[in-house]
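Okay, model11.tsv is below, TSV, C-alpha atoms:
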chain	number	residue	atom	x	y	z
A	1	MET	CA	-94.56	-196.87	63.12
A	2	THR	CA	-95.15	-194.37	60.37
A	3	ILE	CA	-93.68	-192.87	57.21
A	4	PHE	CA	-93.39	-189.30	56.01
A	5	SER	CA	-93.71	-188.96	52.26
A	6	PHE	CA	-93.42	-185.67	50.38
A	7	ARG	CA	-93.68	-185.49	46.60
A	8	LEU	CA	-91.30	-183.21	44.75
A	9	SER	CA	-92.85	-180.80	42.26
A	10	ARG	CA	-91.12	-179.53	39.14
A	11	PHE	CA	-90.98	-176.08	40.65
A	12	LEU	CA	-89.08	-177.30	43.71
A	13	ALA	CA	-86.81	-179.74	41.90
A	14	PRO	CA	-83.76	-177.42	41.75
A	15	LEU	CA	-84.14	-176.56	45.42
A	16	ALA	CA	-84.46	-180.24	46.33
A	17	LEU	CA	-81.31	-181.05	44.39
A	18	ALA	CA	-79.46	-178.29	46.20
A	19	GLY	CA	-80.68	-179.64	49.53
A	20	LEU	CA	-79.65	-183.19	48.76
A	21	THR	CA	-76.27	-181.91	47.65
A	22	ALA	CA	-75.89	-180.03	50.92
A	23	CYS	CA	-76.76	-183.19	52.80
A	24	ALA	CA	-74.19	-185.21	50.91
A	25	SER	CA	-71.55	-182.53	51.28
A	26	HIS	CA	-71.60	-182.87	55.07
A	27	ALA	CA	-70.83	-186.58	54.76
A	28	ALA	CA	-68.25	-185.87	52.08
A	29	ASP	CA	-66.48	-183.55	54.51
A	30	GLN	CA	-65.90	-186.61	56.64
A	31	GLY	CA	-64.37	-188.46	53.70
A	32	TYR	CA	-66.89	-191.30	53.37
A	33	ALA	CA	-66.80	-193.09	50.04
A	34	ASN	CA	-70.55	-193.77	50.19
A	35	ASN	CA	-71.63	-190.52	51.81
A	36	ASP	CA	-75.22	-190.93	50.60
A	37	LEU	CA	-75.73	-193.68	53.19
A	38	LEU	CA	-75.42	-191.18	56.04
A	39	THR	CA	-77.94	-188.34	56.33
A	40	ASP	CA	-77.29	-185.40	58.63
A	41	THR	CA	-80.03	-183.53	60.49
A	42	GLU	CA	-79.98	-180.47	58.27
A	43	GLY	CA	-80.01	-182.61	55.17
A	44	LEU	CA	-83.06	-184.46	56.46
A	45	ARG	CA	-84.85	-181.16	57.16
A	46	VAL	CA	-84.28	-180.05	53.58
A	47	MET	CA	-85.46	-183.39	52.22
A	48	MET	CA	-88.63	-183.14	54.31
A	49	GLU	CA	-89.40	-179.69	52.95
A	50	THR	CA	-88.53	-180.15	49.31
A	51	GLY	CA	-88.56	-183.79	48.28
A	52	ALA	CA	-89.92	-187.26	48.80
A	53	VAL	CA	-88.58	-189.14	51.80
A	54	ASN	CA	-89.74	-191.92	54.11
A	55	ILE	CA	-88.63	-191.45	57.72
A	56	VAL	CA	-88.64	-194.45	60.04
A	57	ASP	CA	-88.33	-194.26	63.83
A	58	VAL	CA	-87.01	-197.58	65.16
A	59	ARG	CA	-87.10	-196.69	68.85
A	60	PRO	CA	-89.58	-198.43	71.21
A	61	ARG	CA	-93.21	-197.48	70.60
A	62	GLU	CA	-93.51	-195.59	73.88
A	63	ALA	CA	-90.57	-193.37	72.91
A	64	TYR	CA	-92.14	-192.71	69.51
A	65	ASP	CA	-95.46	-191.80	71.13
A	66	GLU	CA	-93.76	-189.29	73.43
A	67	GLY	CA	-92.43	-187.40	70.43
A	68	HIS	CA	-90.79	-188.06	67.08
A	69	ILE	CA	-89.55	-186.35	63.94
A	70	PRO	CA	-92.55	-184.99	62.00
A	71	GLY	CA	-93.78	-187.44	59.40
A	72	ALA	CA	-91.85	-190.39	60.81
A	73	VAL	CA	-93.55	-193.76	60.94
A	74	HIS	CA	-92.77	-196.32	63.60
A	75	LEU	CA	-91.14	-199.70	63.06
A	76	GLY	CA	-89.41	-200.74	66.26
A	77	ALA	CA	-86.20	-202.73	66.28
A	78	ASP	CA	-87.95	-205.61	68.03
A	79	ASP	CA	-90.99	-205.50	65.75
A	80	VAL	CA	-89.02	-207.28	63.04
A	81	ILE	CA	-87.93	-210.14	65.32
A	82	ASP	CA	-89.54	-213.59	65.16
A	83	ALA	CA	-90.39	-214.49	68.76
A	84	ASP	CA	-91.13	-218.07	67.70
A	85	SER	CA	-87.74	-218.74	66.08
A	86	HIS	CA	-85.33	-221.08	67.84
A	87	VAL	CA	-82.59	-218.54	67.04
A	88	SER	CA	-82.80	-215.55	69.39
A	89	GLY	CA	-83.18	-212.28	67.49
A	90	ASP	CA	-83.95	-213.99	64.19
A	91	LEU	CA	-85.92	-211.92	61.70
A	92	LEU	CA	-89.54	-212.59	60.83
A	93	PRO	CA	-90.21	-214.36	57.52
A	94	HIS	CA	-89.24	-212.12	54.65
A	95	GLU	CA	-92.74	-212.00	53.20
A	96	THR	CA	-94.00	-210.68	56.56
A	97	LEU	CA	-91.32	-208.01	56.73
A	98	VAL	CA	-91.98	-206.89	53.16
A	99	ARG	CA	-95.66	-206.53	53.98
A	100	MET	CA	-94.84	-204.52	57.12
A	101	LEU	CA	-92.68	-202.15	55.09
A	102	GLY	CA	-95.36	-201.67	52.47
A	103	GLU	CA	-98.05	-201.02	55.09
A	104	ARG	CA	-95.93	-198.13	56.33
A	105	GLY	CA	-95.74	-196.60	52.88
A	106	ILE	CA	-92.20	-197.75	52.16
A	107	ASP	CA	-91.31	-198.75	48.63
A	108	LYS	CA	-88.00	-198.90	46.80
A	109	ASP	CA	-88.57	-195.77	44.71
A	110	THR	CA	-88.34	-193.29	47.59
A	111	PRO	CA	-85.35	-192.56	49.86
A	112	VAL	CA	-85.79	-193.97	53.36
A	113	VAL	CA	-84.00	-192.64	56.46
A	114	PHE	CA	-83.83	-194.70	59.67
A	115	TYR	CA	-83.12	-193.22	63.09
A	116	ASP	CA	-82.89	-194.28	66.73
A	117	ASP	CA	-81.44	-192.95	69.98
A	118	LYS	CA	-78.57	-195.46	70.28
A	119	GLY	CA	-75.98	-194.12	67.87
A	120	GLY	CA	-77.54	-196.03	64.99
A	121	PHE	CA	-77.36	-199.39	66.79
A	122	HIS	CA	-80.97	-200.27	65.89
A	123	ALA	CA	-81.32	-198.10	62.79
A	124	ALA	CA	-78.41	-199.90	61.13
A	125	ARG	CA	-80.14	-203.26	61.29
A	126	LEU	CA	-83.18	-201.89	59.50
A	127	PHE	CA	-80.80	-200.28	57.01
A	128	TRP	CA	-79.12	-203.64	56.40
A	129	MET	CA	-82.48	-205.39	56.15
A	130	VAL	CA	-83.92	-203.15	53.45
A	131	GLU	CA	-80.63	-203.04	51.57
A	132	TYR	CA	-80.58	-206.84	51.58
A	133	PHE	CA	-84.18	-206.71	50.36
A	134	GLY	CA	-83.11	-204.58	47.40
A	135	HIS	CA	-83.58	-200.95	48.49
A	136	ARG	CA	-80.90	-198.71	46.95
A	137	GLN	CA	-81.74	-195.39	48.61
A	138	ALA	CA	-81.56	-196.21	52.32
A	139	SER	CA	-79.61	-194.21	54.88
A	140	VAL	CA	-79.14	-193.69	58.63
A	141	LEU	CA	-79.61	-190.36	60.42
A	142	ASN	CA	-76.24	-189.36	61.87
A	143	GLY	CA	-76.65	-188.76	65.61
A	144	GLY	CA	-80.26	-189.90	65.48
A	145	PHE	CA	-83.07	-188.46	67.58
A	146	PRO	CA	-80.79	-187.07	70.34
A	147	LYS	CA	-78.96	-184.85	67.86
A	148	TRP	CA	-82.24	-183.76	66.27
A	149	VAL	CA	-83.63	-182.74	69.68
A	150	ALA	CA	-80.36	-181.12	70.84
A	151	GLU	CA	-80.57	-178.83	67.81
A	152	LYS	CA	-84.11	-177.85	68.87
A	153	ARG	CA	-85.65	-179.13	65.68
A	154	SER	CA	-89.37	-179.80	65.37
A	155	VAL	CA	-90.84	-182.78	67.25
A	156	THR	CA	-94.45	-184.02	67.16
A	157	LYS	CA	-96.75	-186.64	68.64
A	158	GLU	CA	-98.89	-186.71	65.51
A	159	VAL	CA	-98.98	-190.04	63.70
A	160	PRO	CA	-98.97	-189.40	59.94
A	161	GLN	CA	-101.48	-190.92	57.59
A	162	VAL	CA	-99.70	-192.98	54.95
A	163	THR	CA	-100.68	-194.76	51.78
A	164	ALA	CA	-99.72	-198.42	51.62
A	165	ARG	CA	-97.29	-199.25	48.85
A	166	ALA	CA	-95.80	-202.36	47.35
A	167	PHE	CA	-92.24	-203.10	48.42
A	168	ALA	CA	-90.82	-205.29	45.67
A	169	TYR	CA	-88.71	-208.00	47.28
A	170	THR	CA	-85.47	-208.56	45.37
A	171	PRO	CA	-82.92	-210.00	47.84
A	172	THR	CA	-79.20	-209.34	47.40
A	173	PRO	CA	-77.38	-212.53	48.46
A	174	ARG	CA	-73.97	-210.84	48.57
A	175	ARG	CA	-75.15	-208.84	51.60
A	176	LEU	CA	-75.91	-211.93	53.71
A	177	ALA	CA	-73.54	-214.44	55.33
A	178	THR	CA	-74.67	-217.82	56.63
A	179	ALA	CA	-73.00	-220.32	58.93
A	180	ASP	CA	-72.16	-222.50	55.91
A	181	TRP	CA	-70.68	-219.52	54.05
A	182	LEU	CA	-68.38	-218.77	56.99
A	183	LEU	CA	-67.45	-222.39	57.54
A	184	ASP	CA	-66.56	-222.91	53.89
A	185	ARG	CA	-64.16	-219.95	54.00
A	186	GLN	CA	-62.36	-220.52	57.29
A	187	ASP	CA	-59.03	-221.03	55.50
A	188	ASP	CA	-59.54	-218.30	52.90
A	189	ASP	CA	-57.06	-215.46	53.49
A	190	SER	CA	-59.20	-213.08	51.43
A	191	VAL	CA	-62.04	-213.34	53.97
A	192	VAL	CA	-62.15	-211.50	57.29
A	193	VAL	CA	-64.78	-212.31	59.92
A	194	ILE	CA	-65.45	-209.63	62.52
A	195	ASP	CA	-67.08	-210.28	65.89
A	196	VAL	CA	-68.48	-206.90	66.98
A	197	ARG	CA	-69.67	-207.94	70.45
A	198	PRO	CA	-68.07	-206.55	73.63
A	199	SER	CA	-64.65	-208.06	74.32
A	200	LYS	CA	-65.88	-210.07	77.31
A	201	LEU	CA	-68.40	-211.93	75.18
A	202	TYR	CA	-65.78	-212.61	72.53
A	203	GLU	CA	-63.40	-213.97	75.15
A	204	ALA	CA	-66.07	-216.28	76.54
A	205	GLY	CA	-66.60	-217.92	73.15
A	206	HIS	CA	-66.20	-216.99	69.49
A	207	ILE	CA	-65.74	-218.25	65.95
A	208	PRO	CA	-62.07	-219.38	65.94
A	209	TRP	CA	-61.03	-217.27	62.94
A	210	ALA	CA	-63.04	-214.15	63.87
A	211	LYS	CA	-61.41	-210.86	64.90
A	212	SER	CA	-62.75	-208.94	67.90
A	213	ILE	CA	-63.66	-205.39	66.81
A	214	PRO	CA	-66.49	-204.07	69.05
A	215	TRP	CA	-69.10	-202.01	67.21
A	216	LYS	CA	-68.99	-199.06	69.62
A	217	GLN	CA	-65.56	-198.18	68.24
A	218	ASN	CA	-67.37	-196.87	65.13
A	219	LEU	CA	-68.79	-193.93	67.09
A	220	ALA	CA	-67.48	-190.58	68.22
A	221	ALA	CA	-68.18	-189.40	71.78
A	222	ASP	CA	-71.34	-187.56	70.68
A	223	GLY	CA	-72.92	-190.67	69.15
A	224	THR	CA	-72.21	-189.72	65.53
A	225	MET	CA	-70.08	-191.77	63.17
A	226	LYS	CA	-66.34	-191.19	63.34
A	227	PRO	CA	-64.76	-189.56	60.28
A	228	ALA	CA	-63.65	-191.85	57.48
A	229	SER	CA	-59.96	-191.27	58.17
A	230	ALA	CA	-60.31	-192.48	61.76
A	231	LEU	CA	-62.44	-195.49	60.80
A	232	LEU	CA	-60.19	-196.55	57.93
A	233	LYS	CA	-57.12	-196.36	60.17
A	234	HIS	CA	-58.93	-198.28	62.89
A	235	PHE	CA	-60.01	-201.14	60.63
A	236	ALA	CA	-56.77	-201.28	58.64
A	237	GLY	CA	-54.79	-201.59	61.86
A	238	LEU	CA	-56.74	-204.77	62.54
A	239	GLY	CA	-56.30	-206.23	59.06
A	240	VAL	CA	-59.66	-205.15	57.65
A	241	THR	CA	-59.08	-203.47	54.29
A	242	ARG	CA	-61.15	-202.85	51.17
A	243	ASP	CA	-59.58	-205.73	49.26
A	244	LYS	CA	-61.06	-208.26	51.72
A	245	ASN	CA	-64.37	-210.07	51.76
A	246	VAL	CA	-65.75	-209.02	55.15
A	247	ALA	CA	-68.45	-210.73	57.19
A	248	VAL	CA	-69.65	-209.23	60.46
A	249	HIS	CA	-71.54	-210.85	63.32
A	250	CYS	CA	-72.62	-210.15	66.88
A	251	GLN	CA	-74.94	-211.89	69.33
A	252	ASN	CA	-78.23	-211.62	67.46
A	253	GLY	CA	-77.81	-209.47	64.34
A	254	LYS	CA	-78.33	-205.96	65.71
A	255	ALA	CA	-74.79	-204.78	66.48
A	256	ALA	CA	-73.39	-206.61	63.44
A	257	ALA	CA	-75.42	-204.33	61.20
A	258	HIS	CA	-73.77	-201.26	62.72
A	259	SER	CA	-70.31	-202.38	61.61
A	260	TYR	CA	-71.80	-203.55	58.30
A	261	PHE	CA	-73.10	-200.00	57.88
A	262	ALA	CA	-69.75	-198.45	58.85
A	263	LEU	CA	-67.91	-200.54	56.27
A	264	ARG	CA	-70.48	-199.81	53.57
A	265	LEU	CA	-70.16	-196.12	54.41
A	266	LEU	CA	-66.40	-196.42	53.93
A	267	GLY	CA	-66.91	-197.96	50.50
A	268	PHE	CA	-65.95	-201.56	51.22
A	269	PRO	CA	-67.25	-203.39	48.13
A	270	ARG	CA	-67.65	-206.85	49.66
A	271	VAL	CA	-69.27	-206.78	53.10
A	272	ARG	CA	-72.10	-208.91	54.46
A	273	SER	CA	-73.84	-209.53	57.77
A	274	TYR	CA	-74.13	-212.93	59.42
A	275	ASP	CA	-77.48	-211.87	60.81
A	276	ARG	CA	-78.23	-215.00	62.84
A	277	SER	CA	-74.82	-214.50	64.46
A	278	TRP	CA	-73.62	-216.11	67.69
A	279	ALA	CA	-77.20	-216.93	68.70
A	280	GLU	CA	-77.10	-219.59	66.00
A	281	TRP	CA	-73.38	-220.42	65.91
A	282	GLY	CA	-72.91	-220.69	69.66
A	283	ALA	CA	-75.85	-223.05	70.05
A	284	ALA	CA	-74.81	-225.39	67.23
A	285	GLU	CA	-72.88	-228.38	68.56
A	286	ASP	CA	-71.28	-229.14	65.18
A	287	LEU	CA	-69.75	-225.67	64.66
A	288	PRO	CA	-66.20	-224.90	65.94
A	289	LYS	CA	-65.74	-222.49	68.83
A	290	SER	CA	-62.86	-220.95	70.73
A	291	ALA	CA	-62.49	-219.12	74.03
A	292	VAL	CA	-59.75	-216.85	75.28
A	293	THR	CA	-57.88	-218.47	78.14
A	294	THR	CA	-55.43	-216.87	80.51
A	295	GLY	CA	-52.65	-218.51	82.42
A	296	GLY	CA	-52.97	-218.84	86.20

If you took the structure in this file and wrote it as structure tokens, what would it be?
Amino acid sequence: MTIFSFRLSRFLAPLALAGLTACASHAADQGYANNDLLTDTEGLRVMMETGAVNIVDVRPREAYDEGHIPGAVHLGADDVIDADSHVSGDLLPHETLVRMLGERGIDKDTPVVFYDDKGGFHAARLFWMVEYFGHRQASVLNGGFPKWVAEKRSVTKEVPQVTARAFAYTPTPRRLATADWLLDRQDDDSVVVIDVRPSKLYEAGHIPWAKSIPWKQNLAADGTMKPASALLKHFAGLGVTRDKNVAVHCQNGKAAAHSYFALRLLGFPRVRSYDRSWAEWGAAEDLPKSAVTTGG
């Protein structure tokens, strides 16, 4: 995986600012409170031409090799997973992940844009990961690679040369939920737990006080994020409002990050991902579980 890094000169600074404003204005049109977390394709093009940006392709390596956004580095969604962990989908040790980011030229001083070809399903987990690690300028490309290609934008097979950088690891605990955190708050009315897996998986077994809100409901038909008005109405109708402490989980941390991203985009101030998710909870004999039963 690779990173594209352009340095902004004084001469181009006004143009870069205009481009970044244009990028943000598209998201603002959709009403997102944190519109800077979502980058549109035109906004990314302007950033590539006029500023400093790290672009990260999180698709499988073979897809990256067939063609990617110019300057993008590769860090696949499965590259960050610890195959030796007893929890399926668990992340690699943090020190390993920080080193991997730095080797790809990613630091915390430069905006980083993640993209995939799954409506942000994989990109969102990398977004959550670096935000948890302390990055404050991370975003997801709206519509990802399919939208970029559909607009006939430039694609390359060239792997960029990058300079390794130090990614300073400063974790943000309020972005992470653990099994103990959830268990301790099972009777807290200010806390909402969201299970973003498909309904059938939820029905087969779930955290007793979790709500079923599948992650795919965050997306429009074209694979872009739904407008803020639609998302806010959707979540509010299920009891998920900005005054709540929200924790999201899925099967193994990937899908959970998509709803984490959606809620962050909407400006929810207290949202965290239970990254080890049902892979950990479902296998633990001492943690409570429920299943949906139907009469017969």

Could you pull out every residue with an atom within 12 Å of (-63.3, -196.0, 58.9), file coordinates, counting only C-alpha atoms, and send them as an mmCIF file with C-alpha atoms, keeping the file's coordinate frame?
data_model
loop_
_atom_site.group_PDB
_atom_site.id
_atom_site.type_symbol
_atom_site.label_atom_id
_atom_site.label_comp_id
_atom_site.auth_asym_id
_atom_site.auth_seq_id
_atom_site.Cartn_x
_atom_site.Cartn_y
_atom_site.Cartn_z
ATOM 1 C CA GLN A 30 -65.900 -186.610 56.640
ATOM 2 C CA GLY A 31 -64.370 -188.460 53.700
ATOM 3 C CA TYR A 32 -66.890 -191.300 53.370
ATOM 4 C CA ALA A 33 -66.800 -193.090 50.040
ATOM 5 C CA ASN A 34 -70.550 -193.770 50.190
ATOM 6 C CA TRP A 215 -69.100 -202.010 67.210
ATOM 7 C CA GLN A 217 -65.560 -198.180 68.240
ATOM 8 C CA ASN A 218 -67.370 -196.870 65.130
ATOM 9 C CA LEU A 219 -68.790 -193.930 67.090
ATOM 10 C CA ALA A 220 -67.480 -190.580 68.220
ATOM 11 C CA MET A 225 -70.080 -191.770 63.170
ATOM 12 C CA LYS A 226 -66.340 -191.190 63.340
ATOM 13 C CA PRO A 227 -64.760 -189.560 60.280
ATOM 14 C CA ALA A 228 -63.650 -191.850 57.480
ATOM 15 C CA SER A 229 -59.960 -191.270 58.170
ATOM 16 C CA ALA A 230 -60.310 -192.480 61.760
ATOM 17 C CA LEU A 231 -62.440 -195.490 60.800
ATOM 18 C CA LEU A 232 -60.190 -196.550 57.930
ATOM 19 C CA LYS A 233 -57.120 -196.360 60.170
ATOM 20 C CA HIS A 234 -58.930 -198.280 62.890
ATOM 21 C CA PHE A 235 -60.010 -201.140 60.630
ATOM 22 C CA ALA A 236 -56.770 -201.280 58.640
ATOM 23 C CA GLY A 237 -54.790 -201.590 61.860
ATOM 24 C CA LEU A 238 -56.740 -204.770 62.540
ATOM 25 C CA VAL A 240 -59.660 -205.150 57.650
ATOM 26 C CA THR A 241 -59.080 -203.470 54.290
ATOM 27 C CA ARG A 242 -61.150 -202.850 51.170
ATOM 28 C CA SER A 259 -70.310 -202.380 61.610
ATOM 29 C CA TYR A 260 -71.800 -203.550 58.300
ATOM 30 C CA PHE A 261 -73.100 -200.000 57.880
ATOM 31 C CA ALA A 262 -69.750 -198.450 58.850
ATOM 32 C CA LEU A 263 -67.910 -200.540 56.270
ATOM 33 C CA ARG A 264 -70.480 -199.810 53.570
ATOM 34 C CA LEU A 265 -70.160 -196.120 54.410
ATOM 35 C CA LEU A 266 -66.400 -196.420 53.930
ATOM 36 C CA GLY A 267 -66.910 -197.960 50.500
ATOM 37 C CA PHE A 268 -65.950 -201.560 51.220
#

For atom CA of Tyr64 of chain A and atom CA of His94 of chain A, the interatomic separation in Å (one decimal):
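Here the two named atoms are 24.6 Å from each other.
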
Between atom CA of Asp36 of chain A and atom CA of Ala138 of chain A, distance in Å (one decimal):
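A separation of 8.4 Å between them.
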
Show me as an NGL selection string the residues that reach within 10 Å of (-69.9, -212.5, 66.7), counting only C-alpha atoms and using the file's own coordinates.
:A and (193-198 or 201-202 or 205-207 or 210-214 or 247-253 or 255-256 or 274-279 or 281-282)

May I have the residues within 8 Å of Phe121 of chain A as a PyMOL selection string, using all atoms listed in the file and disregarding those fewer than 5 positions away in the same chain?
chain A and resi 116+254-255+257-258

Between atom CA of Tyr169 of chain A and atom CA of Arg185 of chain A - distance in Å to one decimal:
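Atom CA of Tyr169 of chain A lies 28.1 Å from atom CA of Arg185 of chain A.
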
Which neighbours of Val73 of chain A fall inside 12 Å, counting all atoms listed in the file, when residues of the same chain fewer than 3 positions from it are skipped, and could you give them as a compact mmCIF listing (two decimals) with C-alpha atoms, in the frame of the given file?
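Writing done, so here's around_13.txt:
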# COMPACT_ATOMS: atom_id res chain seq x y z
CA MET A 1 -94.56 -196.87 63.12
CA THR A 2 -95.15 -194.37 60.37
CA ILE A 3 -93.68 -192.87 57.21
CA PHE A 4 -93.39 -189.30 56.01
CA SER A 5 -93.71 -188.96 52.26
CA VAL A 53 -88.58 -189.14 51.80
CA ASN A 54 -89.74 -191.92 54.11
CA ILE A 55 -88.63 -191.45 57.72
CA VAL A 56 -88.64 -194.45 60.04
CA ASP A 57 -88.33 -194.26 63.83
CA VAL A 58 -87.01 -197.58 65.16
CA ARG A 59 -87.10 -196.69 68.85
CA PRO A 60 -89.58 -198.43 71.21
CA ARG A 61 -93.21 -197.48 70.60
CA TYR A 64 -92.14 -192.71 69.51
CA ASP A 65 -95.46 -191.80 71.13
CA GLY A 67 -92.43 -187.40 70.43
CA HIS A 68 -90.79 -188.06 67.08
CA ILE A 69 -89.55 -186.35 63.94
CA PRO A 70 -92.55 -184.99 62.00
CA GLY A 76 -89.41 -200.74 66.26
CA MET A 100 -94.84 -204.52 57.12
CA LEU A 101 -92.68 -202.15 55.09
CA GLY A 102 -95.36 -201.67 52.47
CA GLU A 103 -98.05 -201.02 55.09
CA ARG A 104 -95.93 -198.13 56.33
CA GLY A 105 -95.74 -196.60 52.88
CA ILE A 106 -92.20 -197.75 52.16
CA VAL A 112 -85.79 -193.97 53.36
CA VAL A 113 -84.00 -192.64 56.46
CA PHE A 114 -83.83 -194.70 59.67
CA TYR A 115 -83.12 -193.22 63.09
CA THR A 156 -94.45 -184.02 67.16
CA LYS A 157 -96.75 -186.64 68.64
CA GLU A 158 -98.89 -186.71 65.51
CA VAL A 159 -98.98 -190.04 63.70
CA PRO A 160 -98.97 -189.40 59.94
CA GLN A 161 -101.48 -190.92 57.59
CA VAL A 162 -99.70 -192.98 54.95
CA THR A 163 -100.68 -194.76 51.78
